[in-house]
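Before any comments, here is the structure.
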Amino acid sequence: MLLEARRISKFYPGVKALNCVDFSIDAGEVVAVVGENGAGKSTLMKILAGAIQPNEGELYLDSNPVEFEGPLDAQKHGICTIYQELMIVPELSVVENVFLGHLKKKGIFLDWNTMRTEAQEILSRLGSTASLDAKAGDLSVAEQQLIEIAKSMSRKSRLLIMDEPTASLSKDEVASLFELVQSLKAEGIAVILITHHLHEIFEICDRLIVLRDGDYVGASNINQIDEAGLVEMMLGHAVNNSERSRRQNVKSEELVLRASGLTRAPYFNNVDLTLTRGEVLGIAGLMGAGRTELMRAIFAADKLDRGLIEINGSVAYLSSPRKALNEGLGLAPEDRKTQGLVLSMPIGHNATIPSLSEHVGPFGLNLKKEAKAAKDLCEKLLVKYANLSQPAGNLSGGNQQKVVLAKLLGAGTDIYLLDEPTRGIDIGAKEAIFDLIWDLTAKGNSVVIISSVIEELIRVCDRIVCLHLGCVTNTYERGDFDLNRIMLNAMGKSEAGAIQ
């Protein structure tokens with residue numbers, strides 16, 4: 001056994017992060033750690049990586065007891081982590097990033113020749129074609145991820161912990177990453193995978209363990225469980241994926257948004273969109289299709305080159321996001337951590353940022369009124385939190401997304417623009433987000449949703465628009481939804497073709 005954790009527990013004031021959790025992994029094995037946000041996955045990984053110490057339990061490396069003094073100590077023992085937010089220094093070169101934190105020296109001088117030779121060998125093995133002298137910040141996300149893997153290999157890693165490694169990758173990049181994982185596995189390197197894309201677990205992993213609310217639920221070999229069984233282990237109950245009949249009833253013919261000829265070079269060109277009351281409209285497209293840029297422009301976060309936006313039958317002159325909010329538009333941005341929330345601020349203040357003017361009294365901000373409004377908003381959206389004064393950054397991804405939606409709800413939003421609202425959150429939180437979307441439309445609101453997962457759009461939307469390289473290629477009504485046809489149009493291909 002390469003690494004084993006026995007009866008690991010970790011407690012914080014008022015929070016049970018982990019309770020008597022067992023985990024093991026052998027050389028050349030790929031093991032998934034699965035659970036909802038807040039299940040304890042990150043806490044367990046931080047303990048295995050030496051970032052935090054457990055309150056109870058023991059770690060064994062090669063069957064010998066071990067205590068890591070910190071991440072550097074764990075790395076010296078061959079345990080490295082690739083986090084979802086890549087730890088790349090954008091202004092440094094590729095070779096500098098590969099050896100960041102363990103630069104090689106010859107006497108008192110840096111040994112650049114050795115570092116360049118070793119970095120080139122490692123990157124070539126990984127299939128990277130990036131120049132050693134290129135700025136890391138100029139590379140694609142996939143190339144930056146290869147640098148992270150190269151960093152771990154330069155430290156002679158025996159165990160690689162990968163946290164949501166595919167979150168920002170295209171389909172082809174994911175396939176390349178999995179080929180790389182298979183080659184690492186063949187070399188005897190163990191991999192721990194954390195992902196919310198369940199199909200990836202069945203594609204690449206040998207075994208999985210499931211955590212729920214800090215407790216160890218169980219483990220299984222991949223060939224002994226299916227996706228439905230895994231979901232039931234994660235949630236403690238089965239998910240009913242049957243379509244809701246009310247989705248057929250809430251959409252009306254009343255037009256609430258019309259966009260005509262929207263253009264912002266080079267991102268999108270001459271885009272027409274319509275949205276009716278109670279409708280969920282999906283935008284399907286690959287990365288680079290212009291989806292995010294289109295939503296930002298409609299919300300007036302970015303300036304349009306030309307085009308016309310009408311809201312409730314009247315031309316809307318949107319010169320700023322505040323004007324858009326005043327017109328009833330609300331945007332939940334793709335990156336909730338940097339654009340949707342102020343992570344260091346309390347949950348309560350985040351929830352009321354767009355609607356502070358409603359809580360102002362004769363002597364300034366009425367903190368009591370604001371706190372009550374924040375509490376009501378968070379309760380309506382079923383946000384799980386210990387205290388409204390805790391930083392928003394302490395929440396799980398799913399609850400952070402709910403706070404973003406709470407902001408829009410408090411601002412009196414009629415039209416919700418949701419950019420990747422389920423990215424990086426678990427299946428239980430996804431179901432909660434879908435429920436929120438359906439509840440909003442049942443109350444007469446309308447929703448535009450962007451998702452890279454077309455299956456999610458098919459499940460939640462009334463209509464789907466396909467966008468490719470900034471142009472609309474086709475539109476599908478719910479009765480005509482077909483995964484292959486939608487995917488082909490999102491890829492800019494003819495429906496007569498076939499996905500290879």
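Labeling convention for the structure tokens: chains A, B, ... as they appear, residues from 1 per chain, ligands from 1 in order of appearance.
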
Could you make a table, as JSON lines, of the residues of segment 185-290 of chain A that have an atom within 8 Å of an atom of segment 141-158 of chain A, each with its nearest atom pair and distance in Å to one decimal, counting only C-alpha atoms, in chain and number order?
```
{"residue": "A:Gly188", "atom": "CA", "partner": "A:Arg158", "partner_atom": "CA", "distance": 7.6}
{"residue": "A:Ile189", "atom": "CA", "partner": "A:Arg158", "partner_atom": "CA", "distance": 5.0}
{"residue": "A:Ala190", "atom": "CA", "partner": "A:Arg158", "partner_atom": "CA", "distance": 6.2}
```

Extract, using only C-alpha atoms, all DNA, RNA and protein residues at most 12 Å from Asp133 of chain A, discarding same-chain residues fewer than 6 positions from it, and format them as a PyMOL selection string. chain A and resi 91-98+112+116+119-120+139

Now that the selection is made, can you save its residues with C-alpha atoms as a tab-separated table (two decimals), in the first residue's frame?
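As a result, again-v6.tsv now contains:
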```tsv
chain	number	residue	atom	x	y	z
A	91	GLU	CA	4.90	36.38	-15.41
A	92	LEU	CA	7.46	33.60	-14.99
A	93	SER	CA	8.66	31.37	-17.82
A	94	VAL	CA	7.66	27.75	-18.27
A	95	VAL	CA	10.96	26.42	-16.94
A	96	GLU	CA	10.83	28.76	-13.93
A	97	ASN	CA	7.34	27.53	-13.09
A	98	VAL	CA	8.33	23.85	-13.44
A	112	TRP	CA	19.84	26.60	-15.58
A	116	ARG	CA	16.15	23.33	-18.84
A	119	ALA	CA	12.05	20.44	-17.87
A	120	GLN	CA	12.25	19.72	-21.59
A	139	LEU	CA	-0.47	29.67	-22.46
```

Please return, as number ranges by chain, all residues of segment 111-281 of chain A that DSSP assigns to alpha helix (DSSP H) on the basis of the backbone. A: 112-126, 141-154, 171-186, 198-204, 227-235

By how many Å are atom CA of Phe68 of chain A and atom CA of Gln84 of chain A apart?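 For atom CA of Phe68 of chain A relative to atom CA of Gln84 of chain A, the distance reads 22.3 Å.
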
Work out how far atom CA of Ala289 of chain A is from atom CA of Arg478 of chain A, in Å to one decimal.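 Atom CA of Arg478 of chain A sits 22.1 Å away from atom CA of Ala289 of chain A.
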
Skipping near chain neighbours, those fewer than 6 positions away, what residues fall within 6 Å of segment 447-455 of chain A using only C-alpha atoms, listed as a list of chain:residue names?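 Using only C-alpha atoms, the neighbours found are A:Val280, A:Leu281, A:Gly282, A:Ile283, A:Ile415, A:Tyr416, A:Leu417, A:Leu418, A:Asp419, A:Glu420.
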
Those in segment 20-144 of chain A with strand (DSSP E or B) from DSSP, as a VMD selection string: chain A and resid 20 to 25 30 to 34 56 to 61 64 to 66 79 to 82 93 105 to 106 109 to 110 135

Would you save the residues of that selection, restricted to N, CA and C atoms, as a short mmCIF file (atom, residue, chain, number, x, y, z; two decimals), in the first residue's frame?
```cif
data_model
loop_
_atom_site.label_atom_id
_atom_site.label_comp_id
_atom_site.auth_asym_id
_atom_site.auth_seq_id
_atom_site.Cartn_x
_atom_site.Cartn_y
_atom_site.Cartn_z
N CYS A 20 -13.68 10.01 11.42
CA CYS A 20 -13.25 8.61 11.34
C CYS A 20 -13.25 8.09 9.89
N VAL A 21 -12.58 8.80 9.02
CA VAL A 21 -12.55 8.43 7.60
C VAL A 21 -11.33 7.57 7.29
N ASP A 22 -11.55 6.48 6.55
CA ASP A 22 -10.46 5.62 6.09
C ASP A 22 -10.25 5.83 4.59
N PHE A 23 -8.99 5.76 4.18
CA PHE A 23 -8.66 5.91 2.76
C PHE A 23 -7.35 5.20 2.48
N SER A 24 -7.26 4.60 1.29
CA SER A 24 -6.00 3.97 0.89
C SER A 24 -5.84 4.03 -0.62
N ILE A 25 -4.60 4.02 -1.06
CA ILE A 25 -4.31 4.00 -2.49
C ILE A 25 -2.97 3.31 -2.70
N VAL A 30 -5.72 4.59 -9.74
CA VAL A 30 -6.46 5.85 -9.85
C VAL A 30 -7.73 5.71 -9.01
N VAL A 31 -7.84 6.53 -7.98
CA VAL A 31 -8.96 6.44 -7.03
C VAL A 31 -9.70 7.77 -7.01
N ALA A 32 -11.01 7.74 -7.16
CA ALA A 32 -11.85 8.93 -7.07
C ALA A 32 -12.35 9.12 -5.64
N VAL A 33 -12.31 10.35 -5.18
CA VAL A 33 -12.93 10.71 -3.89
C VAL A 33 -14.16 11.53 -4.24
N VAL A 34 -15.33 11.00 -3.88
CA VAL A 34 -16.60 11.53 -4.39
C VAL A 34 -17.47 11.99 -3.23
N GLU A 56 -7.50 13.66 14.81
CA GLU A 56 -7.39 12.24 15.18
C GLU A 56 -7.03 11.43 13.94
N GLY A 57 -6.43 10.26 14.16
CA GLY A 57 -6.13 9.35 13.07
C GLY A 57 -4.66 9.33 12.71
N GLU A 58 -4.29 8.39 11.84
CA GLU A 58 -2.90 8.20 11.46
C GLU A 58 -2.76 8.07 9.95
N LEU A 59 -1.60 8.49 9.46
CA LEU A 59 -1.23 8.31 8.06
C LEU A 59 -0.08 7.32 7.98
N TYR A 60 -0.12 6.46 6.94
CA TYR A 60 0.94 5.49 6.73
C TYR A 60 1.42 5.60 5.29
N LEU A 61 2.73 5.74 5.11
CA LEU A 61 3.34 5.78 3.79
C LEU A 61 4.25 4.56 3.66
N ASN A 64 4.55 2.56 6.75
CA ASN A 64 5.22 3.16 7.90
C ASN A 64 4.49 4.42 8.34
N PRO A 65 4.28 4.62 9.66
CA PRO A 65 3.59 5.82 10.12
C PRO A 65 4.35 7.08 9.72
N VAL A 66 3.60 8.11 9.33
CA VAL A 66 4.22 9.35 8.88
C VAL A 66 3.38 10.53 9.31
N ILE A 79 4.29 13.36 -2.63
CA ILE A 79 2.85 13.62 -2.71
C ILE A 79 2.64 15.06 -3.15
N CYS A 80 2.06 15.26 -4.34
CA CYS A 80 1.85 16.59 -4.90
C CYS A 80 0.38 16.79 -5.27
N THR A 81 -0.06 18.04 -5.22
CA THR A 81 -1.47 18.36 -5.51
C THR A 81 -1.55 19.37 -6.65
N ILE A 82 -2.47 19.11 -7.58
CA ILE A 82 -2.81 20.08 -8.63
C ILE A 82 -4.20 20.60 -8.31
N SER A 93 8.58 32.26 -16.67
CA SER A 93 8.66 31.37 -17.82
C SER A 93 8.21 29.97 -17.46
N LYS A 105 20.65 24.13 -8.00
CA LYS A 105 21.82 24.99 -7.91
C LYS A 105 23.10 24.22 -8.19
N LYS A 106 24.10 24.93 -8.68
CA LYS A 106 25.45 24.41 -8.82
C LYS A 106 26.33 25.36 -8.03
N PHE A 109 25.21 29.22 -7.54
CA PHE A 109 24.52 29.70 -8.74
C PHE A 109 23.41 28.74 -9.15
N LEU A 110 22.38 29.30 -9.79
CA LEU A 110 21.31 28.47 -10.32
C LEU A 110 21.83 27.65 -11.51
N LYS A 135 6.09 32.85 -21.47
CA LYS A 135 5.43 33.23 -20.22
C LYS A 135 4.28 32.26 -19.97
#
```

For segment 383-394 of chain A: contacts at 9 Å, only C-alpha atoms, fewer than 5 positions along chain excluded, given as an NGL selection string: :A and (14-15 or 337 or 341-350 or 371 or 374-375 or 377-378 or 399-400 or 402-403)

Next, the residues of the selection above should be written as a short mmCIF file (atom, residue, chain, number, x, y, z; two decimals), in the first residue's frame with all heavy atoms.
```cif
data_model
loop_
_atom_site.label_atom_id
_atom_site.label_comp_id
_atom_site.auth_asym_id
_atom_site.auth_seq_id
_atom_site.Cartn_x
_atom_site.Cartn_y
_atom_site.Cartn_z
N GLY A 14 -17.70 24.27 15.75
CA GLY A 14 -19.06 24.09 15.26
C GLY A 14 -19.19 23.29 13.99
O GLY A 14 -20.29 23.13 13.46
N VAL A 15 -18.07 22.76 13.47
CA VAL A 15 -18.11 22.05 12.19
C VAL A 15 -17.35 20.73 12.30
O VAL A 15 -16.22 20.70 12.78
CB VAL A 15 -17.48 22.90 11.05
CG1 VAL A 15 -17.49 22.12 9.74
CG2 VAL A 15 -18.22 24.21 10.89
N LYS A 337 -16.18 33.22 -8.00
CA LYS A 337 -15.21 33.56 -6.95
C LYS A 337 -14.58 34.94 -7.15
O LYS A 337 -14.27 35.62 -6.18
CB LYS A 337 -14.11 32.49 -6.88
CG LYS A 337 -14.60 31.14 -6.37
CD LYS A 337 -13.46 30.14 -6.31
CE LYS A 337 -13.93 28.77 -5.81
NZ LYS A 337 -14.35 28.82 -4.42
N LEU A 341 -18.79 37.21 -6.28
CA LEU A 341 -18.78 37.40 -4.84
C LEU A 341 -17.51 38.14 -4.41
O LEU A 341 -16.50 38.12 -5.11
CB LEU A 341 -18.83 36.06 -4.11
CG LEU A 341 -20.05 35.17 -4.32
CD1 LEU A 341 -19.81 33.80 -3.73
CD2 LEU A 341 -21.29 35.81 -3.68
N VAL A 342 -17.59 38.77 -3.23
CA VAL A 342 -16.38 39.25 -2.56
C VAL A 342 -16.11 38.23 -1.45
O VAL A 342 -16.76 38.26 -0.41
CB VAL A 342 -16.58 40.66 -1.99
CG1 VAL A 342 -15.28 41.15 -1.34
CG2 VAL A 342 -17.04 41.62 -3.07
N LEU A 343 -15.21 37.31 -1.70
CA LEU A 343 -15.05 36.14 -0.83
C LEU A 343 -14.67 36.50 0.60
O LEU A 343 -15.02 35.77 1.54
CB LEU A 343 -14.00 35.19 -1.42
CG LEU A 343 -14.33 34.57 -2.78
CD1 LEU A 343 -13.21 33.64 -3.22
CD2 LEU A 343 -15.65 33.82 -2.73
N SER A 344 -13.96 37.61 0.78
CA SER A 344 -13.53 37.98 2.13
C SER A 344 -14.64 38.68 2.92
O SER A 344 -14.55 38.81 4.14
CB SER A 344 -12.31 38.91 2.06
OG SER A 344 -12.61 40.08 1.31
N MET A 345 -15.70 39.10 2.23
CA MET A 345 -16.81 39.78 2.91
C MET A 345 -17.81 38.77 3.46
O MET A 345 -17.92 37.65 2.97
CB MET A 345 -17.53 40.71 1.92
CG MET A 345 -16.88 42.07 1.78
SD MET A 345 -17.74 43.11 0.57
CE MET A 345 -19.43 43.01 1.14
N PRO A 346 -18.56 39.15 4.50
CA PRO A 346 -19.57 38.25 5.06
C PRO A 346 -20.63 37.85 4.04
O PRO A 346 -20.91 38.59 3.08
CB PRO A 346 -20.20 39.07 6.19
CG PRO A 346 -19.17 40.08 6.56
CD PRO A 346 -18.46 40.41 5.27
N ILE A 347 -21.22 36.69 4.27
CA ILE A 347 -22.28 36.20 3.40
C ILE A 347 -23.41 37.22 3.30
O ILE A 347 -23.92 37.51 2.21
CB ILE A 347 -22.84 34.86 3.94
CG1 ILE A 347 -21.75 33.79 3.94
CG2 ILE A 347 -24.04 34.40 3.14
CD1 ILE A 347 -22.11 32.57 4.76
N GLY A 348 -23.81 37.77 4.45
CA GLY A 348 -24.93 38.71 4.48
C GLY A 348 -24.70 39.92 3.60
O GLY A 348 -25.58 40.35 2.86
N HIS A 349 -23.49 40.50 3.68
CA HIS A 349 -23.20 41.69 2.87
C HIS A 349 -23.16 41.34 1.39
O HIS A 349 -23.58 42.14 0.55
CB HIS A 349 -21.87 42.30 3.29
CG HIS A 349 -21.88 42.92 4.66
ND1 HIS A 349 -23.04 43.33 5.29
CD2 HIS A 349 -20.88 43.19 5.55
CE1 HIS A 349 -22.77 43.83 6.47
NE2 HIS A 349 -21.46 43.75 6.65
N ASN A 350 -22.64 40.16 1.04
CA ASN A 350 -22.64 39.74 -0.36
C ASN A 350 -24.05 39.66 -0.90
O ASN A 350 -24.31 40.07 -2.04
CB ASN A 350 -21.94 38.38 -0.49
CG ASN A 350 -20.46 38.48 -0.76
OD1 ASN A 350 -20.03 38.76 -1.88
ND2 ASN A 350 -19.66 38.28 0.27
N ALA A 371 -29.49 43.04 7.55
CA ALA A 371 -29.24 41.68 8.03
C ALA A 371 -30.49 40.81 7.89
O ALA A 371 -30.40 39.64 7.52
CB ALA A 371 -28.79 41.72 9.49
N ALA A 374 -30.89 39.94 4.22
CA ALA A 374 -29.92 38.92 3.83
C ALA A 374 -30.34 37.55 4.34
O ALA A 374 -30.25 36.55 3.61
CB ALA A 374 -28.54 39.28 4.36
N LYS A 375 -30.82 37.51 5.58
CA LYS A 375 -31.27 36.24 6.15
C LYS A 375 -32.45 35.68 5.38
O LYS A 375 -32.50 34.48 5.07
CB LYS A 375 -31.65 36.42 7.63
CG LYS A 375 -32.05 35.13 8.32
CD LYS A 375 -32.42 35.37 9.77
CE LYS A 375 -32.85 34.07 10.44
NZ LYS A 375 -33.28 34.29 11.85
N LEU A 377 -33.27 36.26 2.24
CA LEU A 377 -32.83 35.82 0.91
C LEU A 377 -32.14 34.47 0.99
O LEU A 377 -32.40 33.57 0.17
CB LEU A 377 -31.88 36.86 0.31
CG LEU A 377 -32.50 38.16 -0.19
CD1 LEU A 377 -31.42 39.19 -0.50
CD2 LEU A 377 -33.37 37.91 -1.41
N CYS A 378 -31.25 34.31 1.96
CA CYS A 378 -30.51 33.05 2.08
C CYS A 378 -31.43 31.90 2.48
O CYS A 378 -31.23 30.75 2.06
CB CYS A 378 -29.37 33.21 3.09
SG CYS A 378 -28.02 34.25 2.48
N ASN A 399 -23.25 26.48 -2.41
CA ASN A 399 -23.83 27.53 -1.58
C ASN A 399 -23.35 28.91 -2.01
O ASN A 399 -24.08 29.89 -1.91
CB ASN A 399 -23.50 27.27 -0.10
CG ASN A 399 -24.37 26.17 0.49
OD1 ASN A 399 -25.59 26.27 0.49
ND2 ASN A 399 -23.76 25.11 0.97
N GLN A 400 -22.12 29.01 -2.51
CA GLN A 400 -21.67 30.27 -3.08
C GLN A 400 -22.55 30.66 -4.27
O GLN A 400 -22.92 31.83 -4.42
CB GLN A 400 -20.21 30.16 -3.53
CG GLN A 400 -19.20 30.14 -2.39
CD GLN A 400 -17.77 30.05 -2.89
OE1 GLN A 400 -17.53 30.04 -4.10
NE2 GLN A 400 -16.83 29.97 -1.98
N LYS A 402 -25.62 29.86 -4.74
CA LYS A 402 -26.92 30.29 -4.22
C LYS A 402 -26.87 31.72 -3.72
O LYS A 402 -27.85 32.48 -3.87
CB LYS A 402 -27.38 29.34 -3.11
CG LYS A 402 -27.75 27.95 -3.59
CD LYS A 402 -28.19 27.09 -2.40
CE LYS A 402 -28.47 25.65 -2.82
NZ LYS A 402 -28.85 24.82 -1.65
N VAL A 403 -25.75 32.13 -3.11
CA VAL A 403 -25.62 33.51 -2.64
C VAL A 403 -25.60 34.46 -3.83
O VAL A 403 -26.18 35.56 -3.78
CB VAL A 403 -24.35 33.68 -1.77
CG1 VAL A 403 -24.16 35.15 -1.40
CG2 VAL A 403 -24.45 32.84 -0.51
#
```

For Ile194 of chain A, the nearest of the candidates A:Ser42, A:Ser396, A:Thr473, A:Thr274, counting only C-alpha atoms: A:Ser42

Got a sec: who's within 12 Å of segment 212-217 of chain A, counting only C-alpha atoms, leaving out chain neighbours fewer than 6 positions off, as a tab-separated table (two decimals) with N, CA, C and O atoms, in the first residue's frame?
```tsv
chain	number	residue	atom	x	y	z
A	5	ALA	N	-4.76	6.19	5.09
A	5	ALA	CA	-5.25	7.05	6.16
A	5	ALA	C	-6.23	6.23	7.00
A	5	ALA	O	-7.15	5.63	6.45
A	6	ARG	N	-6.02	6.22	8.31
A	6	ARG	CA	-6.87	5.41	9.20
A	6	ARG	C	-7.59	6.30	10.19
A	6	ARG	O	-6.96	7.07	10.92
A	7	ARG	N	-8.91	6.22	10.16
A	7	ARG	CA	-9.78	6.89	11.14
A	7	ARG	C	-9.42	8.37	11.30
A	7	ARG	O	-9.23	8.87	12.41
A	8	ILE	N	-9.33	9.05	10.17
A	8	ILE	CA	-8.97	10.47	10.16
A	8	ILE	C	-10.18	11.33	10.55
A	8	ILE	O	-11.26	11.19	9.98
A	9	SER	N	-9.97	12.22	11.52
A	9	SER	CA	-11.01	13.16	11.94
A	9	SER	C	-10.43	14.57	11.97
A	9	SER	O	-9.27	14.77	12.31
A	10	LYS	N	-11.26	15.53	11.58
A	10	LYS	CA	-10.86	16.93	11.63
A	10	LYS	C	-12.07	17.76	12.03
A	10	LYS	O	-13.13	17.67	11.41
A	11	PHE	N	-11.89	18.55	13.09
A	11	PHE	CA	-13.00	19.35	13.61
A	11	PHE	C	-12.60	20.82	13.64
A	11	PHE	O	-11.46	21.16	13.98
A	12	TYR	N	-13.55	21.67	13.27
A	12	TYR	CA	-13.42	23.12	13.43
A	12	TYR	C	-14.53	23.57	14.36
A	12	TYR	O	-15.49	22.82	14.60
A	15	VAL	N	-18.07	22.76	13.47
A	15	VAL	CA	-18.11	22.05	12.19
A	15	VAL	C	-17.35	20.73	12.30
A	15	VAL	O	-16.22	20.70	12.78
A	16	LYS	N	-18.00	19.66	11.85
A	16	LYS	CA	-17.34	18.35	11.76
A	16	LYS	C	-16.95	18.16	10.31
A	16	LYS	O	-17.76	17.82	9.46
A	17	ALA	N	-15.68	18.42	10.00
A	17	ALA	CA	-15.24	18.33	8.61
A	17	ALA	C	-15.02	16.89	8.19
A	17	ALA	O	-15.37	16.50	7.07
A	18	LEU	N	-14.43	16.08	9.05
A	18	LEU	CA	-14.19	14.66	8.80
A	18	LEU	C	-14.38	13.89	10.10
A	18	LEU	O	-13.98	14.35	11.17
A	19	ASN	N	-14.95	12.70	9.98
A	19	ASN	CA	-15.21	11.90	11.17
A	19	ASN	C	-14.85	10.44	10.90
A	19	ASN	O	-15.58	9.73	10.22
A	20	CYS	N	-13.68	10.01	11.42
A	20	CYS	CA	-13.25	8.61	11.34
A	20	CYS	C	-13.25	8.09	9.89
A	20	CYS	O	-13.87	7.05	9.60
A	21	VAL	N	-12.58	8.80	9.02
A	21	VAL	CA	-12.55	8.43	7.60
A	21	VAL	C	-11.33	7.57	7.29
A	21	VAL	O	-10.21	7.87	7.73
A	22	ASP	N	-11.55	6.48	6.55
A	22	ASP	CA	-10.46	5.62	6.09
A	22	ASP	C	-10.25	5.83	4.59
A	22	ASP	O	-11.21	6.05	3.85
A	23	PHE	N	-8.99	5.76	4.18
A	23	PHE	CA	-8.66	5.91	2.76
A	23	PHE	C	-7.35	5.20	2.48
A	23	PHE	O	-6.44	5.18	3.32
A	33	VAL	N	-12.31	10.35	-5.18
A	33	VAL	CA	-12.93	10.71	-3.89
A	33	VAL	C	-14.16	11.53	-4.24
A	33	VAL	O	-14.06	12.60	-4.84
A	34	VAL	N	-15.33	11.00	-3.88
A	34	VAL	CA	-16.60	11.53	-4.39
A	34	VAL	C	-17.47	11.99	-3.23
A	34	VAL	O	-17.47	11.38	-2.15
A	35	GLY	N	-18.22	13.04	-3.46
A	35	GLY	CA	-19.17	13.53	-2.46
A	35	GLY	C	-19.65	14.91	-2.84
A	35	GLY	O	-19.07	15.58	-3.69
A	36	GLU	N	-20.72	15.35	-2.20
A	36	GLU	CA	-21.24	16.68	-2.44
A	36	GLU	C	-20.26	17.72	-1.92
A	36	GLU	O	-19.35	17.42	-1.15
A	37	ASN	N	-20.46	18.99	-2.32
A	37	ASN	CA	-19.68	20.06	-1.71
A	37	ASN	C	-19.94	20.06	-0.21
A	37	ASN	O	-21.09	19.98	0.22
A	38	GLY	N	-18.89	20.17	0.57
A	38	GLY	CA	-19.03	20.13	2.01
A	38	GLY	C	-18.96	18.73	2.58
A	38	GLY	O	-19.11	18.54	3.78
A	39	ALA	N	-18.73	17.73	1.72
A	39	ALA	CA	-18.67	16.34	2.20
A	39	ALA	C	-17.37	16.05	2.94
A	39	ALA	O	-17.30	15.08	3.70
A	40	GLY	N	-16.34	16.86	2.71
A	40	GLY	CA	-15.05	16.63	3.38
A	40	GLY	C	-13.93	16.24	2.44
A	40	GLY	O	-12.82	15.94	2.89
A	41	LYS	N	-14.19	16.26	1.12
A	41	LYS	CA	-13.17	15.85	0.15
A	41	LYS	C	-11.92	16.72	0.24
A	41	LYS	O	-10.80	16.21	0.33
A	42	SER	N	-12.12	18.03	0.21
A	42	SER	CA	-10.98	18.94	0.24
A	42	SER	C	-10.21	18.84	1.55
A	42	SER	O	-8.97	18.89	1.56
A	43	THR	N	-10.92	18.66	2.64
A	43	THR	CA	-10.24	18.52	3.94
A	43	THR	C	-9.37	17.28	3.95
A	43	THR	O	-8.21	17.33	4.40
A	44	LEU	N	-9.90	16.17	3.45
A	44	LEU	CA	-9.11	14.94	3.40
A	44	LEU	C	-7.88	15.12	2.52
A	44	LEU	O	-6.77	14.70	2.87
A	230	LEU	N	-23.95	5.18	-7.54
A	230	LEU	CA	-23.02	6.15	-6.99
A	230	LEU	C	-23.75	7.39	-6.48
A	230	LEU	O	-23.46	7.90	-5.38
A	231	VAL	N	-24.70	7.88	-7.27
A	231	VAL	CA	-25.47	9.06	-6.86
A	231	VAL	C	-26.23	8.78	-5.57
A	231	VAL	O	-26.28	9.62	-4.66
A	232	GLU	N	-26.79	7.59	-5.47
A	232	GLU	CA	-27.53	7.23	-4.25
A	232	GLU	C	-26.61	7.19	-3.04
A	232	GLU	O	-26.99	7.60	-1.94
A	233	MET	N	-25.37	6.69	-3.23
A	233	MET	CA	-24.40	6.70	-2.13
A	233	MET	C	-24.04	8.13	-1.73
A	233	MET	O	-23.93	8.44	-0.54
A	234	MET	N	-23.88	9.01	-2.71
A	234	MET	CA	-23.50	10.39	-2.43
A	234	MET	C	-24.59	11.14	-1.67
A	234	MET	O	-24.32	11.85	-0.70
A	235	LEU	N	-25.82	11.00	-2.13
A	235	LEU	CA	-26.92	11.79	-1.59
A	235	LEU	C	-27.66	11.10	-0.45
A	235	LEU	O	-28.35	11.76	0.33
A	236	GLY	N	-27.56	9.80	-0.37
A	236	GLY	CA	-28.33	9.05	0.61
A	236	GLY	C	-29.72	8.71	0.12
A	236	GLY	O	-30.52	8.14	0.84
A	237	HIS	N	-30.00	9.06	-1.14
A	237	HIS	CA	-31.29	8.74	-1.75
A	237	HIS	C	-31.13	8.81	-3.25
A	237	HIS	O	-30.20	9.44	-3.77
A	396	SER	N	-19.32	26.23	0.53
A	396	SER	CA	-19.09	25.30	-0.57
A	396	SER	C	-19.47	25.98	-1.88
A	396	SER	O	-20.16	27.01	-1.90
A	426	ASP	N	-21.43	19.83	-6.97
A	426	ASP	CA	-21.80	18.42	-7.01
A	426	ASP	C	-23.23	18.22	-7.48
A	426	ASP	O	-23.99	19.17	-7.66
A	428	GLY	N	-25.89	17.00	-6.05
A	428	GLY	CA	-26.95	17.46	-5.16
A	428	GLY	C	-27.18	18.95	-5.28
A	428	GLY	O	-28.32	19.43	-5.34
```

Quick one: everything within 6 Å of segment 310-317 of chain A, counting only C-alpha atoms, minus sequence neighbours fewer than 2 positions away in the same chain. Send it as number ranges by chain. A: 256-258

A:Val210, A:Val174, A:Leu273, A:Val181 ranked by distance to Arg125 of chain A, top pick (using only C-alpha atoms): A:Val181

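For the pair atom CA of Leu180 of chain A and atom CA of Leu126 of chain A, the interatomic distance is 6.8 Å.
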
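Distances from A:Thr263, A:Asn326, A:Asn489, A:Thr276 to Leu304 of chain A were compared using only C-alpha atoms, and the smallest one belongs to A:Thr263.
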
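Minimum distance to Lys407 of chain A across A:Ala27, A:Leu2, A:Ala351, A:Met162 (counting only C-alpha atoms) occurs at A:Ala351.
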
With only C-alpha atoms as the basis for distance, which of A:Arg459, A:Arg485, A:His199, A:His359 is at the shortest distance from Trp438 of chain A?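 The closest residue to Trp438 of chain A is A:Arg459.
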